[in-house]
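**Student:** Compact mmCIF, C-alpha atoms, saved as data-v1.txt, coming up:
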```
# COMPACT_ATOMS: atom_id res chain seq x y z
CA MET A 735 -19.08 -61.76 119.93
CA LEU A 736 -22.51 -60.17 119.57
CA LEU A 737 -20.97 -56.71 119.89
CA LYS A 738 -18.37 -57.61 117.27
CA ASN A 739 -21.09 -58.74 114.88
CA GLN A 740 -23.08 -55.55 115.47
CA LEU A 741 -20.01 -53.42 114.83
CA SER A 742 -19.33 -55.41 111.68
CA TYR A 743 -22.91 -54.82 110.43
CA ALA A 744 -22.64 -51.12 111.33
CA THR A 745 -19.34 -50.82 109.43
CA LYS A 746 -20.81 -52.59 106.40
CA PHE A 747 -23.84 -50.26 106.52
CA ILE A 748 -21.64 -47.14 106.67
CA VAL A 749 -19.49 -48.39 103.78
CA LEU A 750 -22.64 -49.16 101.79
CA CYS A 751 -23.93 -45.64 102.48
CA LEU A 752 -20.61 -44.15 101.40
CA ILE A 753 -20.63 -46.18 98.17
CA THR A 754 -24.22 -45.13 97.49
CA MET A 755 -23.46 -41.46 98.15
CA THR A 756 -20.31 -41.59 95.99
CA GLY A 757 -22.30 -43.18 93.18
CA ALA A 758 -24.99 -40.53 93.49
CA LEU A 759 -22.44 -37.75 93.47
CA HIS A 760 -20.78 -39.20 90.37
CA ALA A 761 -24.20 -39.35 88.65
CA GLN A 762 -24.69 -35.58 89.00
CA THR A 763 -22.94 -34.04 86.04
CA GLN A 764 -23.39 -30.48 84.95
CA THR A 765 -24.50 -30.39 81.35
CA TRP A 766 -24.39 -26.67 80.75
CA SER A 767 -23.91 -23.34 82.41
CA GLU A 768 -24.54 -19.89 80.98
CA ASP A 769 -23.38 -16.53 82.28
CA MET A 770 -26.31 -14.17 81.78
CA THR A 771 -24.79 -11.11 83.39
CA ALA A 772 -24.51 -9.34 80.07
CA SER A 773 -27.82 -10.45 78.61
CA LEU A 774 -30.20 -10.35 81.58
CA ALA A 775 -28.13 -8.63 84.30
CA GLU A 776 -29.69 -10.79 86.99
CA VAL A 777 -31.99 -13.76 86.49
CA GLY A 778 -35.17 -13.06 88.41
CA TRP A 779 -36.84 -16.40 87.71
CA ILE A 780 -36.87 -19.29 85.27
CA GLU A 781 -39.67 -21.52 84.01
CA GLN A 782 -39.93 -24.22 81.38
CA ALA A 783 -42.33 -23.92 78.47
CA ASN A 784 -44.22 -26.90 77.05
CA ASP A 785 -41.73 -27.31 74.18
CA GLY A 786 -38.83 -27.58 76.62
CA ILE A 787 -37.52 -24.06 76.14
CA ILE A 788 -36.25 -22.52 79.37
CA ILE A 789 -37.74 -19.08 79.93
CA ALA A 790 -35.49 -16.77 81.91
CA ALA A 791 -36.60 -13.32 83.05
CA GLY A 792 -34.33 -10.54 84.17
CA ALA A 793 -33.94 -6.81 84.47
CA LYS A 794 -32.83 -6.55 80.84
CA GLY A 795 -35.56 -8.61 79.25
CA LEU A 796 -37.02 -12.06 78.67
CA MET A 797 -35.01 -14.87 77.14
CA GLY A 798 -35.65 -18.35 75.74
CA LEU A 799 -32.88 -20.94 76.15
CA ASP A 800 -32.40 -24.38 74.61
CA ASN A 801 -32.84 -26.78 77.52
CA ASN A 802 -30.24 -29.20 76.11
CA THR A 803 -27.45 -26.77 75.34
CA GLY A 804 -28.26 -23.65 77.34
CA LYS A 805 -27.80 -21.52 74.23
CA GLN A 806 -30.00 -18.51 73.67
CA VAL A 807 -32.85 -19.21 71.26
CA TRP A 808 -34.50 -15.81 71.46
CA MET A 809 -34.34 -12.59 73.44
CA ASN A 810 -36.89 -9.82 73.91
CA LYS A 811 -35.37 -6.70 75.43
CA GLU A 812 -38.71 -4.90 75.73
CA LEU A 813 -40.05 -7.37 78.28
CA LYS A 814 -38.18 -6.23 81.35
CA GLY A 815 -39.23 -7.48 84.77
CA VAL A 816 -41.92 -9.94 83.73
CA ILE A 817 -43.95 -10.93 86.81
CA LYS A 818 -43.30 -14.54 87.74
CA GLU A 819 -46.67 -15.12 89.38
CA THR A 820 -48.45 -14.29 86.15
CA TYR A 821 -46.59 -16.88 84.07
CA GLN A 822 -48.73 -19.73 82.82
CA ASN A 823 -48.12 -22.30 80.11
CA ILE A 824 -51.06 -23.00 77.86
CA ASP A 825 -51.54 -26.76 78.09
CA GLY A 826 -50.11 -28.82 75.26
CA LEU A 827 -49.05 -25.83 73.17
CA PRO A 828 -45.76 -23.94 72.78
CA LEU A 829 -47.47 -20.85 74.15
CA PHE A 830 -47.38 -19.06 77.46
CA TYR A 831 -49.01 -16.02 79.00
CA ALA A 832 -47.30 -13.54 81.31
CA GLU A 833 -47.65 -9.95 82.45
CA TYR A 834 -45.18 -7.17 82.88
CA SER A 835 -45.30 -3.56 83.94
CA PRO A 836 -43.46 -1.18 81.61
CA ILE A 837 -41.73 1.84 83.12
CA VAL A 838 -44.29 4.01 81.37
CA GLY A 839 -47.85 2.76 80.98
CA LYS A 840 -50.14 0.13 82.39
CA THR A 841 -49.53 -3.53 83.12
CA ARG A 842 -49.63 -5.52 79.92
CA GLY A 843 -50.42 -9.16 79.26
CA ILE A 844 -48.73 -11.04 76.46
CA ILE A 845 -49.06 -14.41 74.76
CA ILE A 846 -45.67 -15.60 73.50
CA HIS A 847 -44.70 -18.48 71.22
CA SER A 848 -42.01 -20.13 73.33
CA SER A 849 -40.15 -21.68 70.37
CA THR A 850 -39.65 -18.39 68.54
CA GLY A 851 -40.24 -15.70 71.16
CA ASP A 852 -42.83 -14.06 68.91
CA VAL A 853 -45.39 -11.98 70.78
CA LEU A 854 -48.67 -13.30 69.37
CA TYR A 855 -50.96 -11.10 71.42
CA ASP A 856 -50.37 -8.02 73.54
CA THR A 857 -53.07 -6.44 75.66
CA LYS A 858 -51.56 -2.98 75.24
CA ASP A 859 -54.16 -1.93 72.69
CA ASP A 860 -57.22 -3.63 74.13
CA ASN A 861 -56.39 -2.93 77.78
CA TYR A 862 -57.34 -6.45 78.86
CA ARG A 863 -55.88 -8.74 81.48
CA ILE A 864 -56.22 -12.48 80.88
CA LYS A 865 -57.58 -14.38 83.87
CA THR A 866 -57.89 -17.98 82.77
CA TYR A 867 -58.29 -19.91 79.54
CA HIS A 868 -60.08 -22.88 78.03
CA LEU A 869 -58.30 -24.85 75.35
CA LEU A 870 -60.68 -26.16 72.68
CA PRO A 871 -58.66 -28.36 70.29
CA ASP A 872 -61.70 -29.44 68.24
CA GLN A 873 -62.42 -25.80 67.42
CA ALA A 874 -58.71 -24.96 67.10
CA MET A 875 -59.41 -22.19 69.56
CA ILE A 876 -58.40 -20.90 72.95
CA LEU A 877 -61.15 -19.12 74.86
CA LEU A 878 -59.49 -16.54 77.09
CA LYS A 879 -61.42 -15.14 79.99
CA SER A 880 -60.19 -11.61 80.21
CA GLN A 881 -61.00 -8.55 82.25
CA ARG A 882 -60.73 -5.00 81.01
CA ILE A 883 -58.28 -3.04 83.13
CA THR A 884 -59.90 0.08 84.53
CA LEU A 885 -58.72 2.73 86.95
CA ASN A 886 -60.46 0.85 89.78
CA SER A 887 -58.97 -2.58 89.07
CA MET B 435 -61.76 -13.49 73.87
CA SER B 436 -61.02 -16.09 71.21
CA PHE B 437 -57.53 -16.90 70.00
CA SER B 438 -57.21 -18.98 66.82
CA LEU B 439 -54.73 -21.84 66.80
CA HIS B 440 -54.80 -21.77 62.99
CA THR B 441 -53.66 -18.20 62.59
CA MET B 442 -52.21 -17.67 66.09
CA THR B 443 -54.06 -14.39 66.33
CA LYS B 444 -56.92 -12.94 68.33
CA THR B 445 -60.16 -13.48 66.45
CA TRP B 446 -62.78 -11.73 68.58
CA VAL B 447 -63.56 -10.18 71.94
CA THR B 448 -67.05 -10.23 73.46
CA ASP B 449 -68.06 -7.95 76.30
CA LEU B 450 -70.01 -9.79 79.00
CA GLY B 451 -70.55 -6.85 81.30
CA VAL B 452 -68.97 -5.25 84.33
CA ILE B 453 -67.77 -7.16 87.37
CA LYS B 454 -69.04 -5.51 90.49
CA GLY B 455 -67.83 -5.64 94.05
CA LEU B 456 -64.60 -6.84 95.55
CA ILE B 457 -63.74 -9.26 92.75
CA SER B 458 -63.14 -6.40 90.34
CA LYS B 459 -60.71 -4.83 92.80
CA LEU B 460 -59.02 -7.90 94.22
CA GLY B 461 -59.14 -10.17 91.20
CA ASN B 462 -56.09 -10.20 89.02
CA SER B 463 -54.25 -12.72 86.94
CA THR B 464 -52.30 -14.01 89.91
CA THR B 465 -55.46 -15.16 91.66
CA ARG B 466 -56.52 -17.20 88.63
CA THR B 467 -60.15 -16.64 89.52
CA SER B 468 -62.69 -16.56 86.78
CA PHE B 469 -65.75 -14.37 86.55
CA ILE B 470 -67.45 -16.93 84.30
CA ASP B 471 -69.43 -19.10 86.69
CA GLN B 472 -70.71 -21.71 84.24
CA GLY B 473 -69.23 -23.11 81.04
CA PRO B 474 -68.06 -22.67 78.43
CA MET B 475 -70.06 -25.40 76.70
CA PHE B 476 -71.01 -25.88 73.07
CA THR B 477 -74.41 -26.34 71.47
CA LYS B 478 -75.01 -28.63 68.50
CA ASN B 479 -74.57 -25.74 66.07
CA GLY B 480 -71.32 -24.64 67.69
CA ASP B 481 -72.49 -21.72 69.81
CA ILE B 482 -70.68 -21.13 73.09
CA ILE B 483 -72.82 -21.07 76.23
CA VAL B 484 -71.55 -19.35 79.36
CA GLY B 485 -73.12 -18.26 82.60
CA VAL B 486 -72.09 -15.09 84.45
CA ASN B 487 -73.94 -14.31 87.67
CA GLU B 488 -77.65 -14.42 86.79
CA MET B 489 -77.04 -14.19 83.03
CA ALA B 490 -76.73 -16.95 80.45
CA TYR B 491 -75.21 -16.06 77.08
CA ALA B 492 -75.05 -17.84 73.73
CA ILE B 493 -72.09 -16.60 71.71
CA ASP B 494 -71.39 -17.26 68.05
CA ALA B 495 -68.05 -19.07 68.07
CA ASN B 496 -67.12 -17.68 64.65
CA ASN B 497 -67.43 -13.98 65.31
CA GLY B 498 -68.09 -13.60 69.03
CA GLN B 499 -71.51 -11.98 68.61
CA ILE B 500 -74.02 -12.60 71.38
CA LYS B 501 -76.86 -14.54 69.76
CA TRP B 502 -79.12 -14.37 72.78
CA LYS B 503 -79.00 -13.81 76.51
CA TYR B 504 -81.30 -14.79 79.32
CA GLU B 505 -81.54 -13.20 82.74
CA ALA B 506 -82.57 -15.52 85.57
CA GLU B 507 -84.08 -14.26 88.78
CA LYS B 508 -80.97 -15.04 90.78
CA LYS B 509 -77.41 -16.19 90.27
CA LEU B 510 -77.08 -19.35 88.19
CA GLN B 511 -76.00 -22.22 90.40
CA ALA B 512 -75.93 -24.78 87.60
CA LEU B 513 -76.08 -24.74 83.82
CA VAL B 514 -76.37 -27.89 81.72
CA TYR B 515 -76.74 -28.19 77.96
CA SER B 516 -78.43 -31.27 76.55
CA PRO B 517 -77.58 -32.06 72.90
CA GLN B 518 -80.38 -34.67 72.84
CA SER B 519 -83.09 -32.10 73.40
CA ASN B 520 -81.01 -29.07 72.30
CA SER B 521 -82.02 -27.44 75.55
CA LEU B 522 -80.35 -25.59 78.33
CA TYR B 523 -81.19 -26.39 81.95
CA MET B 524 -80.51 -23.78 84.58
CA GLY B 525 -80.47 -24.23 88.29
CA VAL B 526 -81.37 -21.20 90.37
CA LYS B 527 -83.85 -21.93 93.10
CA ARG B 528 -86.00 -23.81 90.63
CA VAL B 529 -85.01 -25.50 87.39
CA ILE B 530 -85.57 -23.47 84.21
CA ASN B 531 -85.63 -25.16 80.82
CA LEU B 532 -84.77 -23.17 77.68
CA SER B 533 -85.35 -24.92 74.36
CA PHE B 534 -83.67 -23.58 71.23
```
Would you write the structure of this file as structure tokens?
**Tutor:**
Amino acid sequence: MLLKNQLSYATKFIVLCLITMTGALHAQTQTWSEDMTASLAEVGWIEQANDGIIIAAGAKGLMGLDNNTGKQVWMNKELKGVIKETYQNIDGLPLFYAEYSPIVGKTRGIIIHSSTGDVLYDTKDDNYRIKTYHLLPDQAMILLKSQRITLNS
Amino acid sequence: MSFSLHTMTKTWVTDLGVIKGLISKLGNSTTRTSFIDQGPMFTKNGDIIVGVNEMAYAIDANNGQIKWKYEAEKKLQALVYSPQSNSLYMGVKRVINLSF
């Protein structure tokens, strides 16, 4: 009798697990999918900017995607092979900083407006590399701690 | 370097010297290390105070010009600005008080 009860409880538990798993599986619905073979060749990495835009980097450039629809918002074909480890969102703002190494020339740092894809600052002229930043909303200012890139660095 | 959130452009760059030693070779953006040891903090009149190694700098927030700099005997371990007394307190091996 005891064994029968235990088996009954075990059966109920398994059924409950199956129902739970089925429910969980039904809850996972794919909202969008985008083939980026033509636009990026291969997606190296993705991040999400503060405004929700999905940033996708690939061999053919850097792209901003609408996180709700997956549609391309902007594309910059100059920014090929942006280095994932250098990506950083600037807190509370639709801005991010990243670095990339062009085929010709030195590593460059860029500040991009994630909503539009506009490059707001490029270190190519000043030869700086941004290390960290301090956001100062009262002064409407970002203080960027940067280091000049030299032959030794 | 200052970046304006009004115009979304770079406003000024101030040179605070050369980083010596391993940090200049090993440090890069992926390490997220900062060469500014203390600050930034703001004085009552809006100047930016930062400490780098044994140096303390006051920078004009509008144009990035260095208003004054002070060299301590050794590396700054602490830097505190008091708006009440409009003074800067530095901790090295002994406390130094700079009044503006």
**Student:** Just give me the gap between CA of Asn802 in chain A and CA of Tyr834 in chain A in Å, one decimal is fine.
**Tutor:** 27.5 Å
**Student:** Could you check how far CA of Gln518 in chain B sits from CA of Asn487 in chain B, in Å to one decimal?
**Tutor:**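 Interatomic distance here is 26.0 Å.
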**Student:** Nearest to chain B among A:Ser880, A:Thr765, A:Ser848, A:Ser773, with distances taken over all atoms listed in the file: which residue is it?
**Tutor:**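 When distances to chain B are compared using all atoms listed in the file, the smallest one comes from A:Ser880.
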**Student:** Have a look at CA of Ile787 in chain A and CA of Asn801 in chain A and let me know their distance in Å, one decimal.
**Tutor:** 5.6 Å
**Student:** Can you work out which one of B:Ile470, B:Leu522, B:Leu450, B:Met475 has the shortest atom-to-atom distance to Leu869 in chain A, counting only C-alpha atoms?
**Tutor:**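 Of the candidates, the smallest distance to Leu869 in chain A is held by B:Met475.
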**Student:** Out of A:Ser835, A:Thr820, A:Gln873, A:Thr841, which residue has the shortest atom-to-atom distance to chain B when counting all atoms listed in the file?
**Tutor:**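 Under the stated criterion, the closest residue is A:Thr820.
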**Student:** Please identify all residues of chain A having at least one atom at most 12 Å from any atom of chain B, considering all atoms listed in the file, and return them as a ChimeraX atom specification.
**Tutor:** /A:817-822,824,826-829,831-834,841-847,852-857,860-887
**Student:** So, with all atoms listed in the file as the atoms that count, which of B:Ser521, B:Thr477, B:Ser516, B:Gln472 lies closest to Ala490 in chain B?
**Tutor:**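 The shortest atom-to-atom distance to Ala490 in chain B comes from B:Gln472.
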